[in-house]
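To keep things clear, I will list the structure first and then write my remarks on it.
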Amino acid sequence: MTEGKWDEKFRTFLKKYYWDNILQLANDYPDQRSLYVDFSDLEIFDRELADELLFHPDDVIPSADNALQDIDLPVEKSLEDARVRFVKIPNKIPNRDLRSKHLLQLVAIDGMIRKATEVRPKILNAAFKCMRCEHITMLPQTELKFVEPMECEEETCGRKGPFKIMINQSLFIDAQKLQVQESPENLKGGSQPQSLDVDVEDDLAGIVKPGDRVIINGILRSHQRTTREGKSPFYDLVLHANSIEYVDQEFDELAISPEDEEEILALSNNPEIYNKVIKSIAPSIYGYEDVKEALSLQLFSGVPKHLPDGSRVRGDIHMLFVGDPGVAKSQLLRYMVKLAPRGVFASGKSASSSGLTAAAVRDDLGDGRWTLEAGALVMADMGIASIDEMDKMSSEDKSALHEAMEQQTISVAKAGIIATLKSRCALLGAANPKYGRFDRYEGIAQQISMPPALMSRFDMIFVLLDTPNEDMDSRIARHILKSHYAGELSEQRKNIMSSEITQDQVDEHMEVVKPDIDPDLLRKYVAYARRNIYPVMEDDARDHLVKFYMDLRKMGEGKDSPVPVTARQLEALVRLAEASARLRLSNVATMDDAKRTTRIVYACLKQVGVD
Ligand code: ADP
Ligand code: MG
């Protein structure tokens with residue numbers, strides 16, 4: 001091994017800072033092959049070396065590996081395949097900001113794993129046997145393509161083959177490709193997430209799965225694209241992973257400062273808090289108070305429960321809008337994606353091969369190998385998944401949804417890929433009726449071609465009808481025009497203060513469409529409540545819900561009820577009451593919360609036709 005420029009420094013560093021970890025590694029080697037080094041330790045040891053690592057990792061990392069592999073151990077053991085892996089890299093760059101200047105630097109990318117291929121051996125150093133003289137020629141392989149010897153390296157032979165590859169004398173490594181996508185919480189205003197391909201090798205292969213939140217530290221490299229015409233001047237980016245860190249799944253979302261907390265607590269004590277939240281949901285959409293109240297509760301969600309028998313009852317509230325076209329269903333869905341701390345939007349008829357849940361596919365990422373790809377419900381884990389046009393879902397998605405909505409997991413078993421992914425999210429769905437318009441006299445399930453078993457997994461189903469009504473129509477029309485006008489006015493005001501538009505005019509129009517609570521604050525408020533508030537139900541509140549449920553069952557008896565009233569309905573009532581308590585940051589769900597719940601559920605069932 002040739003001595004690298006930084007080997008000596010790393011030997012000193014490792015001995016001084018990581019001696020105990022190295023002894024531990026020697027003990028566990030070769031099951032453990034990686035020594036994890038915190039970047040800040042290196043920075044304290046030698047600032048210049050730390051900078052070199054960030055900007056010239058291809059020179060520095062081999063030195064670190066050399067130093068570790070040659071270190072003098074007090075025990076008889078060789079660490080010849082051990083690696084140094086650096087974590088807590090400060091060079092954190094959002095996926096969308098990666099530029100050519102970052103090429104060949106050590107960068108940290110955070111996001112969610114969207115796809116992961118199977119783990120497969122990759123040849124590093126190939127052994128070729130000359131079929132004439134039997135001499136073995138070793139040939140190190142490149143990243144991009146498999147290379148074969150030009151001629152036998154045995155001097156007296158020197159012929160051009162033929163050669164036979166000797167698998168047992170070649171050197172292989174485990175390899176896997178991942179695709180990491182920006183996490184929903186880091187996307188501003190529901191913009192489309194960007195993704196990056198990642199190569200992982202050796203002991204990093206096979207440790208993450210789609211849906212995991214991670215930080216991947218690695219060297220940014222590029223591969224030249226090839227098209228049918230030949231080599232293209234464009235390069236694709238690929239991250240060569242040096243280490244993978246897990247991100248705390250529950251709490252690494254929005255940062256809430258002490259000032260934010262003060263504001264949140266003050267807001268929760270406002271007696272008008274329910275109205276304020278409702279008025280902050282899609283203010284440009286007129287009316288729909290019941291729907292917006294239900295959406296408010298969905299944002300806060302109930303509390304998941306772990307039963308003594310090991311099963312789990314979800315806290316997330318699933319909602320479905322069914323109805324005529326043009327009644328703002330899609331608009332409401334899109335608004336909720338922006339508002340929720342973690343929101344993902346998808347369409348039931350989406351072209352993506354993973355569909356809504358997850359799928360094993362053969363695609364470019366794996367060069368034809370099987371790849372497990374997470375769909376919207378996995379990417380929305382711990383958030384809200386808005387799924388538009390649910391009536392157009394594929395039948396695979398329909399059947400996978402049963403498990404995804406109730407157990408909140410998605411199991412995939414296909415072509416050697418066996419995995420269970422998490423989908424702990426609330427589903428907000430919208431569906432259009434089959435015949436274009438909703439028919440009051442036909443069951444909902446038939447009209448949106450969704451099996452009743454799937455329908456019963458929604459905590460609430462709202463039917464939104466487009467019934468012409470002069471008074472209502474004129475109010476909606478005014479509201480729509482006002483909101484359009486308000487947007488335009490504020491734009492113009494930004495450019496030039498036009499003399500024809502007065503400040504009062506602007507304010508009057510903005511008033512109509514401005515959310516009561518600023519969306520950034522509301523998002524933090526929701527995150528705060530979901531992190532800190534775990535309401536418990538008072539006895540009389542519980543009795544109220546039980547009585548309401550019993551009455552519903554009685555009403556449903558014997559009739560062809562449009563939606564079946566099952567025990568799920570009782571769980572739904574509990575979730576909604578808990579969400580109602582959470583909304584005002586209270587740890588007790590009271591009679592008031594129970595009454596709010598039964599009022600909304602009653603309103604919702606009435607328009608579905610249970611009355
Ligand atoms: P859907 O998904 O139900 O077919 P959309 O969400 O695409 O309908 O809405 C169609 C348009 O009508 C949108 O521009 C929406 O803003 C408008 N619209 C419908 N109902 C209302 C309402 N109550 N208030 C404001 N705008 C509305
Ligand atoms: Mg729509």
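Order determines the names: the first chain of the structure tokens is A, the second B, and so forth; residues in each chain are numbered 1 upward, and ligands are numbered 1 upward as they are shown.
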Shell around Val180 of chain A at 12 Å using only C-alpha atoms, local window under 2 positions removed, as a PyMOL selection string: chain A and resi 94-96+108-116+177-178+182-183+193-200+208-217+238-239+241+244+365+373-374+379
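For segment 76-315 of chain A, a DSSP pass over the backbone yields alpha helix (DSSP H) at A:Pro258, A:Glu259, A:Asp260, A:Glu261, A:Glu262, A:Glu263, A:Ile264, A:Leu265, A:Ala266, A:Leu267, A:Ser268, A:Ile273, A:Tyr274, A:Asn275, A:Lys276, A:Val277, A:Ile278, A:Glu289, A:Asp290, A:Val291, A:Lys292, A:Glu293, A:Ala294, A:Leu295, A:Ser296, A:Leu297, A:Gln298, A:Leu299, A:Phe300.
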May I have the selected residues written with N, CA and C atoms, as a compact mmCIF listing (two decimals), in the first residue's frame?
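part-v5.txt, written as the output of this step:
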```txt
# COMPACT_ATOMS: atom_id res chain seq x y z
N PRO A 258 -38.76 28.93 21.37
CA PRO A 258 -39.50 29.33 22.58
C PRO A 258 -40.53 30.43 22.27
N GLU A 259 -40.20 31.32 21.35
CA GLU A 259 -41.17 32.38 21.00
C GLU A 259 -42.39 31.77 20.31
N ASP A 260 -42.12 30.79 19.41
CA ASP A 260 -43.23 30.10 18.76
C ASP A 260 -44.13 29.47 19.81
N GLU A 261 -43.48 28.82 20.79
CA GLU A 261 -44.25 28.10 21.79
C GLU A 261 -45.17 29.06 22.55
N GLU A 262 -44.63 30.23 22.87
CA GLU A 262 -45.43 31.24 23.58
C GLU A 262 -46.67 31.60 22.75
N GLU A 263 -46.42 31.81 21.46
CA GLU A 263 -47.50 32.19 20.56
C GLU A 263 -48.55 31.08 20.47
N ILE A 264 -48.04 29.84 20.41
CA ILE A 264 -48.93 28.68 20.30
C ILE A 264 -49.81 28.56 21.54
N LEU A 265 -49.19 28.71 22.72
CA LEU A 265 -49.95 28.58 23.96
C LEU A 265 -50.99 29.69 24.07
N ALA A 266 -50.61 30.90 23.67
CA ALA A 266 -51.56 32.02 23.73
C ALA A 266 -52.75 31.74 22.82
N LEU A 267 -52.45 31.23 21.64
CA LEU A 267 -53.50 30.94 20.67
C LEU A 267 -54.46 29.88 21.21
N SER A 268 -53.89 28.88 21.91
CA SER A 268 -54.73 27.77 22.39
C SER A 268 -55.71 28.25 23.46
N ILE A 273 -60.71 29.64 19.35
CA ILE A 273 -59.70 28.86 18.63
C ILE A 273 -60.30 27.96 17.55
N TYR A 274 -61.46 27.33 17.82
CA TYR A 274 -62.03 26.44 16.80
C TYR A 274 -62.37 27.21 15.53
N ASN A 275 -63.05 28.36 15.74
CA ASN A 275 -63.41 29.17 14.57
C ASN A 275 -62.18 29.67 13.83
N LYS A 276 -61.17 30.02 14.61
CA LYS A 276 -59.96 30.54 13.97
C LYS A 276 -59.30 29.48 13.09
N VAL A 277 -59.25 28.25 13.61
CA VAL A 277 -58.63 27.18 12.81
C VAL A 277 -59.47 26.91 11.55
N ILE A 278 -60.80 26.85 11.76
CA ILE A 278 -61.68 26.57 10.61
C ILE A 278 -61.51 27.65 9.55
N GLU A 289 -68.53 24.88 6.06
CA GLU A 289 -68.05 24.96 7.44
C GLU A 289 -67.87 23.58 8.08
N ASP A 290 -68.87 22.69 7.85
CA ASP A 290 -68.77 21.34 8.43
C ASP A 290 -67.52 20.62 7.94
N VAL A 291 -67.32 20.70 6.63
CA VAL A 291 -66.19 20.02 6.01
C VAL A 291 -64.89 20.57 6.58
N LYS A 292 -64.81 21.88 6.69
CA LYS A 292 -63.58 22.49 7.19
C LYS A 292 -63.35 22.17 8.67
N GLU A 293 -64.45 22.02 9.41
CA GLU A 293 -64.28 21.63 10.81
C GLU A 293 -63.72 20.21 10.88
N ALA A 294 -64.25 19.33 10.03
CA ALA A 294 -63.75 17.96 10.00
C ALA A 294 -62.28 17.94 9.57
N LEU A 295 -61.93 18.77 8.59
CA LEU A 295 -60.53 18.83 8.14
C LEU A 295 -59.62 19.33 9.27
N SER A 296 -60.13 20.26 10.07
CA SER A 296 -59.34 20.75 11.21
C SER A 296 -59.02 19.60 12.15
N LEU A 297 -60.04 18.77 12.43
CA LEU A 297 -59.81 17.65 13.33
C LEU A 297 -58.83 16.66 12.72
N GLN A 298 -58.94 16.47 11.40
CA GLN A 298 -58.03 15.53 10.74
C GLN A 298 -56.58 15.98 10.91
N LEU A 299 -56.35 17.30 10.83
CA LEU A 299 -55.00 17.84 10.98
C LEU A 299 -54.41 17.42 12.33
N PHE A 300 -55.24 17.49 13.38
CA PHE A 300 -54.71 17.23 14.72
C PHE A 300 -54.66 15.74 15.03
```
Nearby polymer residues, ligand 1, at most 6 Å, only C-alpha atoms and all ligand atoms, as a short mmCIF file (atom, residue, chain, number, x, y, z; two decimals) with C-alpha atoms, in the first residue's frame:
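The file below, out_32.cif, is the result:
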```cif
data_model
loop_
_atom_site.label_atom_id
_atom_site.label_comp_id
_atom_site.auth_asym_id
_atom_site.auth_seq_id
_atom_site.Cartn_x
_atom_site.Cartn_y
_atom_site.Cartn_z
CA SER A 284 -60.63 31.10 -0.75
CA ILE A 285 -63.22 28.30 -0.78
CA TYR A 286 -66.63 29.59 0.19
CA GLY A 287 -68.86 27.82 2.72
CA PRO A 325 -67.29 17.80 -10.45
CA GLY A 326 -66.37 21.43 -9.82
CA VAL A 327 -67.30 21.61 -6.15
CA ALA A 328 -63.73 22.35 -4.99
CA LYS A 329 -62.81 18.85 -3.87
CA SER A 330 -59.40 18.97 -5.50
CA GLN A 331 -58.81 22.49 -4.21
CA ILE A 476 -69.83 31.81 -4.22
CA ILE A 480 -64.35 33.58 -6.11
#
```
Selection: 6 Å around Pro535 of chain A, only C-alpha atoms, excl. self and same-chain fewer than 6 positions, as JSON, numbers by chain: {"A": [578, 587, 588, 589]}
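Using only C-alpha atoms and all ligand atoms, the smallest distance between any of A:Val147, A:Leu49, A:Ala431, A:Leu401 and ligand 2 comes from A:Ala431.
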What does the distance between atom CA of Val87 of chain A and atom CA of Tyr235 of chain A come to in Å, to one decimal place? 27.2 Å
Who sits within 12 Å of segment 43-46 of chain A, only C-alpha atoms, same chain under 6 positions skipped, as JSON, numbers by chain: {"A": [6, 9, 10, 11, 12, 13, 14, 15, 16, 17, 18, 37, 52, 53, 54, 86, 88, 89, 90]}
